[in-house]
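Structure data follow from input21.txt (compact mmCIF, C-alpha atoms):
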```
# COMPACT_ATOMS: atom_id res chain seq x y z
CA MET A 1 110.51 182.22 117.89
CA SER A 2 114.19 182.11 116.96
CA MET A 3 115.20 182.48 120.58
CA PHE A 4 113.79 179.02 121.28
CA ARG A 5 115.48 177.22 118.41
CA SER A 6 117.91 174.47 119.36
CA LYS A 7 121.52 175.22 118.58
CA ARG A 8 122.59 171.59 118.53
CA LEU A 9 120.24 168.63 118.31
CA ASP A 10 121.08 165.73 120.60
CA LEU A 11 118.23 163.55 119.41
CA GLY A 12 118.77 159.84 119.04
CA CYS A 13 115.55 159.17 117.18
CA PHE A 14 113.60 159.90 114.02
CA VAL A 15 113.79 163.58 113.17
CA ASN A 16 111.13 165.71 111.54
CA VAL A 17 109.85 169.22 112.20
CA LYS A 18 107.37 168.14 114.88
CA VAL A 19 110.00 166.13 116.78
CA ILE A 20 112.41 169.09 116.69
CA ARG A 21 109.66 171.42 117.91
CA ASP A 22 108.74 169.04 120.74
CA HIS A 23 112.41 168.75 121.72
CA THR A 24 112.64 172.54 121.84
CA LYS A 25 109.50 172.74 123.97
CA ARG A 26 110.96 170.24 126.44
CA LYS A 27 114.19 172.23 126.78
CA VAL A 28 112.39 175.57 127.23
CA PHE A 29 110.00 174.01 129.76
CA ALA A 30 112.92 172.61 131.78
CA GLU A 31 114.64 176.02 131.82
CA HIS A 32 111.58 177.96 132.99
CA GLU A 33 109.98 175.42 135.34
CA PRO A 34 111.43 176.86 138.62
CA GLU A 35 110.20 180.34 137.68
CA ARG A 36 106.72 179.01 136.87
CA GLN A 37 106.57 177.12 140.17
CA ALA A 38 107.58 180.23 142.11
CA LEU A 39 104.90 182.33 140.40
CA ARG A 40 102.27 179.67 141.01
CA TYR A 41 103.24 179.55 144.68
CA ILE A 42 102.86 183.32 144.94
CA ILE A 43 99.45 183.19 143.23
CA ARG A 44 98.16 180.50 145.60
CA ASN A 45 99.55 182.08 148.78
CA LEU A 46 96.54 183.81 150.34
CA SER A 47 98.64 185.54 153.02
CA LEU A 48 100.22 187.82 150.38
CA PRO A 49 98.52 191.06 149.28
CA ALA A 50 96.11 190.79 146.37
CA ARG A 51 98.17 193.21 144.27
CA THR A 52 101.30 191.01 144.50
CA ARG A 53 99.28 187.92 143.61
CA ALA A 54 97.68 189.71 140.65
CA GLN A 55 101.10 190.82 139.36
CA ALA A 56 102.38 187.24 139.62
CA GLN A 57 99.31 186.02 137.75
CA LEU A 58 99.94 188.57 135.01
CA GLN A 59 103.60 187.54 134.73
CA LEU A 60 102.62 183.88 134.50
CA ALA A 61 100.08 184.64 131.78
CA GLN A 62 102.65 186.60 129.77
CA MET A 63 105.23 183.79 129.76
CA HIS A 64 105.76 182.05 126.43
CA CYS A 65 103.46 179.11 125.68
CA TYR A 66 106.47 176.74 125.33
CA THR A 67 107.02 177.07 129.08
CA ARG A 68 103.73 175.29 129.83
CA PRO A 69 103.78 171.56 130.62
CA THR A 70 100.68 170.97 128.47
CA GLN A 71 102.64 171.85 125.33
CA ILE A 72 104.85 168.76 125.65
CA ARG A 73 103.65 165.72 123.73
CA ASN A 74 104.95 162.16 123.89
CA ARG A 75 106.26 161.13 120.49
CA CYS A 76 107.45 157.86 119.00
CA ILE A 77 111.24 157.51 118.98
CA GLU A 78 111.13 155.57 115.71
CA GLY A 79 108.51 157.32 113.62
CA GLY A 80 107.92 160.63 115.36
CA LYS A 81 104.15 160.08 115.54
CA GLY A 82 102.22 161.74 118.34
CA ARG A 83 99.22 159.42 118.53
CA GLY A 84 98.99 155.94 120.02
CA VAL A 85 102.30 156.20 121.88
CA LEU A 86 102.97 153.69 124.68
CA ARG A 87 104.63 155.64 127.50
CA ASP A 88 106.75 152.79 128.86
CA PHE A 89 108.42 152.11 125.51
CA LYS A 90 108.12 155.55 123.81
CA MET A 91 106.83 153.84 120.66
CA THR A 92 103.59 153.80 118.73
CA ARG A 93 101.44 150.69 118.98
CA TYR A 94 102.46 149.53 115.51
CA ASN A 95 106.21 149.99 116.04
CA PHE A 96 105.93 148.33 119.44
CA ARG A 97 104.19 145.34 117.88
CA MET A 98 106.76 145.00 115.10
CA ASN A 99 109.70 145.26 117.53
CA ALA A 100 108.08 142.81 119.97
CA LEU A 101 107.49 140.26 117.22
CA ALA A 102 111.07 140.69 116.02
CA GLY A 103 112.30 140.14 119.59
CA SER A 104 114.18 143.44 119.80
CA ILE A 105 112.46 144.57 123.02
CA PRO A 106 113.86 142.69 126.04
CA GLY A 107 111.26 141.06 128.28
CA VAL A 108 108.42 141.35 125.76
CA LYS A 109 107.00 138.41 123.87
CA LYS A 110 103.73 137.55 122.21
CA ALA A 111 101.12 136.29 124.61
CA ALA A 112 99.94 132.72 124.26
CA TRP A 113 97.47 131.00 126.52
```

Please re-express this file's structure in structure tokens.
Amino acid sequence: MSMFRSKRLDLGCFVNVKVIRDHTKRKVFAEHEPERQALRYIIRNLSLPARTRAQAQLQLAQMHCYTRPTQIRNRCIEGGKGRGVLRDFKMTRYNFRMNALAGSIPGVKKAAW
């Protein structure tokens, strides 16, 4: 696992172990994405021999789990929570509400009708 540890953290948000791990997963995924796409293309290409496709499938299965896109989780930039995160603002519902009420999010205000 030490080969995936970040050397220097360039995070501008709340930092705990889960946020650091998610940051590492994002970096590893970005590095290995072209290789994964190439292997997936080989696997799906029916004009190639079955042996080549099976080897590509085996290589893809043996890649580290951090290279999978499903390992990445959206986290709150203020609290680091992984549940109830609004994608557009990268904040949990509670932090979004507090920031909106304080007026620190441009273009967002409390609804009144």

Arg68 (chain A) surroundings by all atoms listed in the file, 10 Å radius, close-in-sequence under 2 positions cut, as a CSV table (one decimal) with C-alpha atoms, in the coordinates of the input:
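Resulting contents of part13.csv:
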```csv
chain,number,residue,atom,x,y,z
A,25,LYS,CA,109.5,172.7,124.0
A,26,ARG,CA,111.0,170.2,126.4
A,28,VAL,CA,112.4,175.6,127.2
A,29,PHE,CA,110.0,174.0,129.8
A,30,ALA,CA,112.9,172.6,131.8
A,32,HIS,CA,111.6,178.0,133.0
A,33,GLU,CA,110.0,175.4,135.3
A,36,ARG,CA,106.7,179.0,136.9
A,60,LEU,CA,102.6,183.9,134.5
A,63,MET,CA,105.2,183.8,129.8
A,64,HIS,CA,105.8,182.0,126.4
A,65,CYS,CA,103.5,179.1,125.7
A,66,TYR,CA,106.5,176.7,125.3
A,70,THR,CA,100.7,171.0,128.5
A,71,GLN,CA,102.6,171.8,125.3
A,72,ILE,CA,104.8,168.8,125.6
```

### CA of Tyr94 (chain A) to CA of Thr24 (chain A), straight-line distance in Å
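Pair CA of Thr24 (chain A) / CA of Tyr94 (chain A) returns 25.9 Å.
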
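Minimum atom-to-atom distances from A:Ala61, A:Gly80, A:Phe89, A:Glu35 to Val17 (chain A) were compared using only C-alpha atoms, and the lowest value belongs to A:Gly80.
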
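Between CA of Lys90 (chain A) and CA of Ala112 (chain A) the interatomic distance comes to 24.3 Å.
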
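Reported to one decimal place, the separation of CA of Pro34 (chain A) from CA of Gly82 (chain A) is 26.9 Å.
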
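Residues with any atom within 10 Å of Gly84 (chain A), counting only C-alpha atoms and excluding same-chain neighbours fewer than 4 positions away, are Asn74, Arg75, Cys76, Lys90, Met91, Thr92, Arg93 and Tyr94 of chain A.
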
Restricted to C-alpha atoms, what would the selected residues look like written as a PDB file, keeping the file's coordinate frame?
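Wrote it out as result.pdb, contents follow:
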```pdb
ATOM      1  CA  ASN A  74     104.950 162.160 123.890  1.00  0.00           C
ATOM      2  CA  ARG A  75     106.260 161.130 120.490  1.00  0.00           C
ATOM      3  CA  CYS A  76     107.450 157.860 119.000  1.00  0.00           C
ATOM      4  CA  LYS A  90     108.120 155.550 123.810  1.00  0.00           C
ATOM      5  CA  MET A  91     106.830 153.840 120.660  1.00  0.00           C
ATOM      6  CA  THR A  92     103.590 153.800 118.730  1.00  0.00           C
ATOM      7  CA  ARG A  93     101.440 150.690 118.980  1.00  0.00           C
ATOM      8  CA  TYR A  94     102.460 149.530 115.510  1.00  0.00           C
TER       9      TYR A  94
END
```

### Query
Using all atoms listed in the file, which residues sit within 12 Å of Ala54 (chain A) once same-chain residues fewer than 4 positions away are excluded, as JSON, numbers by chain?
{"A": [39, 40, 42, 43, 44, 45, 46, 48, 49, 50, 58, 59, 60, 61]}
